[in-house]
Amino acid sequence: MSELREAMKHAKLTKTSRIIGEYILDHETDACFMTSTELASLLDVSEASVIRFARALGFTGYMDFQKSLRRSHTERLSRISSQVAVPYERLQASMAQHDENYIQEFLMNTQTNITSVIKNNTQDTFDAAISLLMESRRKYIVASRANTGVASYFNLLLRHQLPDVIPTWESSVNVIDHMCDIGPEDCAILFSFPRYSEMDRQAMQMAEDAGAKILVIADRPSAPLARFATVLLTVDVDTNTFFNSYVGVQLVMEILMAGLSRKCGAANAEKLQRIDRYIGTLGVY
């Protein structure tokens, strides 16, 4: 909020405008989601005063001001996870914020992460990833620790559409053992988010040395393992607490599966019917 405080210092504000500004400085999260009418009612001022306040700061109106406020707020929160990787340090940083409206805070971060999927990746990139999956013989899915949650769901969806899908996080055998037969006709699909895994790096080196294609889903182009990517999809996973948010990652997976389903068409119908026939006999779905 330093930008707003600085702008208020240099703007010609009335007494009423300063009351509005001070409230926003003290209640940043709430103000991000309040309409001009709601803010005016809460402070017992006119809606016109709220609009004049925004214009005095150089904005075209209150909505323009609110967009800037939300963007600044979200960037401040995301810096916790982008600058601090160790979970307990991230937790300490988030606790220092003293933000009471944690639901709205998390919603704002999640919205930003979801938006990053479309902002960061073109349809051509998604199409290239889908082609990579369809053209590969075996599909090795690689993930570590918390990343195995989304990878496990991807494994379920992908094997319903394509054959020879191999998850590599089974505890009795490590990823290197799983991938020892990988070749140039195969591909590796890597989920790589902070904190990054050295074992994943070794697995990608193995895939690269074997001439396999590599689909990397990571948080940014500069992520340590992004350099291995034949196709790279990026998605923000920032939160204002100690763990990564995988909502945006789920969107990436579902876009891939939706596109893949369109490409495969009716070819999967028999497989899905066969699965349903046997699952149905158990009454477990």
# chains A, B, ... in the order shown; residues from 1 in each chain; ligands from 1
call {"tool": "residues_around", "arguments": {"residues": "Leu4 (chain A)", "least_positions_apart": "6", "cutoff": "12 Å", "atoms": "only C-alpha atoms", "output": "number ranges by chain"}}
result
A: 10-11, 18, 20-26, 28, 53-54, 56-59, 65-66, 68-70, 72-73
call {"tool": "closest_atom_pairs", "arguments": {"of": "region 125-166 of chain A", "to": "region 229-251 of chain A", "cutoff": "9 Å", "atoms": "only C-alpha atoms", "output": "Markdown table"}}
result
| residue | atom | partner | partner_atom | distance |
| --- | --- | --- | --- | --- |
| A:Thr125 | CA | A:Val231 | CA | 7.1 |
| A:Phe126 | CA | A:Leu233 | CA | 7.7 |
| A:Ala128 | CA | A:Val231 | CA | 6.9 |
| A:Ala129 | CA | A:Val231 | CA | 6.1 |
| A:Leu132 | CA | A:Val231 | CA | 8.2 |
| A:Ala146 | CA | A:Asn244 | CA | 8.7 |
| A:Asn147 | CA | A:Tyr246 | CA | 8.6 |
| A:Val150 | CA | A:Gln250 | CA | 6.8 |
| A:Tyr153 | CA | A:Gln250 | CA | 8.8 |
| A:Phe154 | CA | A:Gln250 | CA | 8.6 |
call {"tool": "atom_distance", "arguments": {"atom1": "CA of Met179 (chain A)", "atom2": "CA of Asn155 (chain A)"}}
result
15.6 Å
call {"tool": "atom_distance", "arguments": {"atom1": "CA of Arg195 (chain A)", "atom2": "CA of Met108 (chain A)"}}
result
22.7 Å
call {"tool": "residues_around", "arguments": {"residues": "Tyr140 (chain A)", "least_positions_apart": "5", "cutoff": "9 Å", "atoms": "only C-alpha atoms", "output": "JSON list (two decimals) with N, CA, C and O atoms, in the first residue's frame"}}
result
[["chain", "number", "residue", "atom", "x", "y", "z"],
["A", 164, "ASP", "N", -0.44, -47.00, -22.27],
["A", 164, "ASP", "CA", 0.96, -46.97, -21.84],
["A", 164, "ASP", "C", 1.31, -45.69, -21.07],
["A", 164, "ASP", "O", 2.30, -45.00, -21.37],
["A", 165, "VAL", "N", 0.50, -45.39, -20.08],
["A", 165, "VAL", "CA", 0.77, -44.26, -19.17],
["A", 165, "VAL", "C", 1.41, -44.83, -17.91],
["A", 165, "VAL", "O", 0.86, -45.74, -17.28],
["A", 166, "ILE", "N", 2.56, -44.28, -17.52],
["A", 166, "ILE", "CA", 3.33, -44.88, -16.42],
["A", 166, "ILE", "C", 3.62, -43.83, -15.34],
["A", 166, "ILE", "O", 4.43, -42.92, -15.55],
["A", 167, "PRO", "N", 2.99, -43.93, -14.17],
["A", 167, "PRO", "CA", 3.36, -43.05, -13.04],
["A", 167, "PRO", "C", 4.68, -43.54, -12.44],
["A", 167, "PRO", "O", 4.96, -44.74, -12.44],
["A", 168, "THR", "N", 5.49, -42.62, -11.93],
["A", 168, "THR", "CA", 6.85, -43.01, -11.52],
["A", 168, "THR", "C", 7.15, -42.75, -10.04],
["A", 168, "THR", "O", 8.32, -42.74, -9.65],
["A", 178, "HIS", "N", 11.92, -46.61, -12.72],
["A", 178, "HIS", "CA", 10.73, -46.60, -13.58],
["A", 178, "HIS", "C", 11.09, -46.22, -15.02],
["A", 178, "HIS", "O", 10.50, -46.74, -15.97],
["A", 179, "MET", "N", 12.03, -45.31, -15.17],
["A", 179, "MET", "CA", 12.32, -44.74, -16.48],
["A", 179, "MET", "C", 13.52, -45.36, -17.18],
["A", 179, "MET", "O", 13.98, -44.86, -18.20],
["A", 182, "ILE", "N", 13.15, -45.83, -20.97],
["A", 182, "ILE", "CA", 12.65, -44.74, -21.80],
["A", 182, "ILE", "C", 13.50, -44.59, -23.06],
["A", 182, "ILE", "O", 14.72, -44.76, -23.02],
["A", 186, "ASP", "N", 9.28, -42.23, -26.70],
["A", 186, "ASP", "CA", 8.51, -41.99, -25.48],
["A", 186, "ASP", "C", 8.53, -40.51, -25.10],
["A", 186, "ASP", "O", 9.22, -39.70, -25.72],
["A", 187, "CYS", "N", 7.78, -40.18, -24.05],
["A", 187, "CYS", "CA", 7.83, -38.82, -23.51],
["A", 187, "CYS", "C", 7.77, -38.87, -21.99],
["A", 187, "CYS", "O", 7.30, -39.85, -21.40],
["A", 188, "ALA", "N", 8.26, -37.82, -21.38],
["A", 188, "ALA", "CA", 8.14, -37.63, -19.93],
["A", 188, "ALA", "C", 7.29, -36.40, -19.69],
["A", 188, "ALA", "O", 7.44, -35.38, -20.39],
["A", 189, "ILE", "N", 6.37, -36.49, -18.73],
["A", 189, "ILE", "CA", 5.54, -35.35, -18.33],
["A", 189, "ILE", "C", 5.93, -35.00, -16.91],
["A", 189, "ILE", "O", 5.76, -35.80, -15.98],
["A", 190, "LEU", "N", 6.49, -33.81, -16.73],
["A", 190, "LEU", "CA", 7.02, -33.41, -15.42],
["A", 190, "LEU", "C", 6.17, -32.30, -14.80],
["A", 190, "LEU", "O", 5.90, -31.28, -15.44]]
call {"tool": "closest_residue", "arguments": {"among": "A:Gln104, A:Gln205, A:Thr281, A:Asn120", "to": "Pro221 (chain A)", "atoms": "only C-alpha atoms"}}
result
A:Asn120
call {"tool": "closest_atom_pairs", "arguments": {"of": "region 132-222 of chain A", "to": "region 115-119 of chain A", "cutoff": "12 Å", "atoms": "only C-alpha atoms", "output": "CSV"}}
result
residue,atom,partner,partner_atom,distance
A:Ile217,CA,A:Val117,CA,10.8
A:Ala218,CA,A:Val117,CA,11.0
A:Asp219,CA,A:Ser116,CA,9.7
A:Arg220,CA,A:Ser116,CA,10.3
call {"tool": "closest_residue", "arguments": {"among": "A:Thr14, A:Thr35, A:Thr112, A:Ser261", "to": "Leu157 (chain A)", "atoms": "only C-alpha atoms"}}
result
A:Ser261
call {"tool": "residues_around", "arguments": {"residues": "Met206 (chain A)", "least_positions_apart": "3", "cutoff": "12 Å", "atoms": "only C-alpha atoms", "output": "ChimeraX atom specification"}}
result
/A:140,142,175-184,186-188,199-203,209-214,228
call {"tool": "write_last_selection", "arguments": {"atoms": "N, CA and C atoms", "output": "PDB file, in the first residue's frame"}}
result
ATOM      1  N   TYR A 140       5.628 -41.263 -19.430  1.00  0.00           N
ATOM      2  CA  TYR A 140       6.097 -41.366 -18.049  1.00  0.00           C
ATOM      3  C   TYR A 140       5.734 -40.065 -17.312  1.00  0.00           C
ATOM      4  N   VAL A 142       6.138 -37.724 -14.118  1.00  0.00           N
ATOM      5  CA  VAL A 142       7.143 -37.527 -13.069  1.00  0.00           C
ATOM      6  C   VAL A 142       6.705 -36.402 -12.137  1.00  0.00           C
ATOM      7  N   VAL A 175      12.082 -43.127  -9.328  1.00  0.00           N
ATOM      8  CA  VAL A 175      11.766 -42.663 -10.674  1.00  0.00           C
ATOM      9  C   VAL A 175      12.792 -43.129 -11.700  1.00  0.00           C
ATOM     10  N   ILE A 176      14.046 -43.243 -11.303  1.00  0.00           N
ATOM     11  CA  ILE A 176      15.090 -43.693 -12.229  1.00  0.00           C
ATOM     12  C   ILE A 176      14.839 -45.138 -12.650  1.00  0.00           C
ATOM     13  N   ASP A 177      14.436 -45.984 -11.700  1.00  0.00           N
ATOM     14  CA  ASP A 177      14.105 -47.378 -12.023  1.00  0.00           C
ATOM     15  C   ASP A 177      12.923 -47.447 -12.980  1.00  0.00           C
ATOM     16  N   HIS A 178      11.922 -46.615 -12.724  1.00  0.00           N
ATOM     17  CA  HIS A 178      10.734 -46.605 -13.584  1.00  0.00           C
ATOM     18  C   HIS A 178      11.086 -46.224 -15.021  1.00  0.00           C
ATOM     19  N   MET A 179      12.034 -45.309 -15.168  1.00  0.00           N
ATOM     20  CA  MET A 179      12.315 -44.740 -16.485  1.00  0.00           C
ATOM     21  C   MET A 179      13.521 -45.358 -17.182  1.00  0.00           C
ATOM     22  N   CYS A 180      14.008 -46.465 -16.673  1.00  0.00           N
ATOM     23  CA  CYS A 180      15.241 -47.032 -17.218  1.00  0.00           C
ATOM     24  C   CYS A 180      15.095 -47.493 -18.668  1.00  0.00           C
ATOM     25  N   ASP A 181      13.862 -47.731 -19.131  1.00  0.00           N
ATOM     26  CA  ASP A 181      13.651 -48.180 -20.509  1.00  0.00           C
ATOM     27  C   ASP A 181      13.165 -47.076 -21.432  1.00  0.00           C
ATOM     28  N   ILE A 182      13.151 -45.832 -20.974  1.00  0.00           N
ATOM     29  CA  ILE A 182      12.646 -44.741 -21.798  1.00  0.00           C
ATOM     30  C   ILE A 182      13.497 -44.585 -23.055  1.00  0.00           C
ATOM     31  N   GLY A 183      12.814 -44.284 -24.179  1.00  0.00           N
ATOM     32  CA  GLY A 183      13.523 -44.153 -25.448  1.00  0.00           C
ATOM     33  C   GLY A 183      13.007 -42.993 -26.269  1.00  0.00           C
ATOM     34  N   PRO A 184      13.508 -42.825 -27.464  1.00  0.00           N
ATOM     35  CA  PRO A 184      13.148 -41.671 -28.298  1.00  0.00           C
ATOM     36  C   PRO A 184      11.698 -41.640 -28.752  1.00  0.00           C
ATOM     37  N   ASP A 186       9.278 -42.229 -26.698  1.00  0.00           N
ATOM     38  CA  ASP A 186       8.506 -41.988 -25.481  1.00  0.00           C
ATOM     39  C   ASP A 186       8.528 -40.509 -25.103  1.00  0.00           C
ATOM     40  N   CYS A 187       7.780 -40.181 -24.052  1.00  0.00           N
ATOM     41  CA  CYS A 187       7.832 -38.820 -23.509  1.00  0.00           C
ATOM     42  C   CYS A 187       7.768 -38.871 -21.990  1.00  0.00           C
ATOM     43  N   ALA A 188       8.262 -37.815 -21.382  1.00  0.00           N
ATOM     44  CA  ALA A 188       8.140 -37.627 -19.934  1.00  0.00           C
ATOM     45  C   ALA A 188       7.289 -36.400 -19.695  1.00  0.00           C
ATOM     46  N   MET A 199      15.932 -35.205  -7.667  1.00  0.00           N
ATOM     47  CA  MET A 199      15.607 -36.482  -8.300  1.00  0.00           C
ATOM     48  C   MET A 199      14.864 -36.255  -9.623  1.00  0.00           C
ATOM     49  N   ASP A 200      13.975 -35.258  -9.636  1.00  0.00           N
ATOM     50  CA  ASP A 200      13.279 -34.918 -10.888  1.00  0.00           C
ATOM     51  C   ASP A 200      14.272 -34.459 -11.955  1.00  0.00           C
ATOM     52  N   ARG A 201      15.281 -33.704 -11.528  1.00  0.00           N
ATOM     53  CA  ARG A 201      16.278 -33.228 -12.491  1.00  0.00           C
ATOM     54  C   ARG A 201      17.029 -34.403 -13.111  1.00  0.00           C
ATOM     55  N   GLN A 202      17.373 -35.359 -12.281  1.00  0.00           N
ATOM     56  CA  GLN A 202      18.072 -36.538 -12.800  1.00  0.00           C
ATOM     57  C   GLN A 202      17.181 -37.312 -13.770  1.00  0.00           C
ATOM     58  N   ALA A 203      15.885 -37.389 -13.450  1.00  0.00           N
ATOM     59  CA  ALA A 203      14.949 -38.095 -14.336  1.00  0.00           C
ATOM     60  C   ALA A 203      14.837 -37.391 -15.683  1.00  0.00           C
ATOM     61  N   ASP A 209      18.737 -37.554 -22.379  1.00  0.00           N
ATOM     62  CA  ASP A 209      19.817 -38.385 -22.914  1.00  0.00           C
ATOM     63  C   ASP A 209      19.270 -39.499 -23.807  1.00  0.00           C
ATOM     64  N   ALA A 210      18.053 -39.966 -23.493  1.00  0.00           N
ATOM     65  CA  ALA A 210      17.439 -41.048 -24.269  1.00  0.00           C
ATOM     66  C   ALA A 210      16.772 -40.535 -25.542  1.00  0.00           C
ATOM     67  N   GLY A 211      16.718 -39.197 -25.703  1.00  0.00           N
ATOM     68  CA  GLY A 211      16.095 -38.628 -26.892  1.00  0.00           C
ATOM     69  C   GLY A 211      14.586 -38.534 -26.802  1.00  0.00           C
ATOM     70  N   ALA A 212      14.031 -38.716 -25.595  1.00  0.00           N
ATOM     71  CA  ALA A 212      12.580 -38.632 -25.416  1.00  0.00           C
ATOM     72  C   ALA A 212      12.132 -37.176 -25.419  1.00  0.00           C
ATOM     73  N   LYS A 213      10.886 -36.944 -25.796  1.00  0.00           N
ATOM     74  CA  LYS A 213      10.312 -35.608 -25.708  1.00  0.00           C
ATOM     75  C   LYS A 213       9.863 -35.361 -24.270  1.00  0.00           C
ATOM     76  N   ILE A 214       9.842 -34.090 -23.866  1.00  0.00           N
ATOM     77  CA  ILE A 214       9.549 -33.760 -22.467  1.00  0.00           C
ATOM     78  C   ILE A 214       8.533 -32.628 -22.400  1.00  0.00           C
ATOM     79  N   PHE A 228      14.656 -28.361 -19.823  1.00  0.00           N
ATOM     80  CA  PHE A 228      14.535 -29.672 -20.449  1.00  0.00           C
ATOM     81  C   PHE A 228      13.327 -29.776 -21.378  1.00  0.00           C
TER      82      PHE A 228
END
call {"tool": "select_by_dssp", "arguments": {"residues": "region 48-255 of chain A", "states": "strand (DSSP E)", "output": "PyMOL selection string"}}
result
chain A and resi 139-142+165-167+187-192+213-218+231-234
call {"tool": "atom_distance", "arguments": {"atom1": "CA of Leu215 (chain A)", "atom2": "CA of Glu254 (chain A)"}}
result
15.2 Å
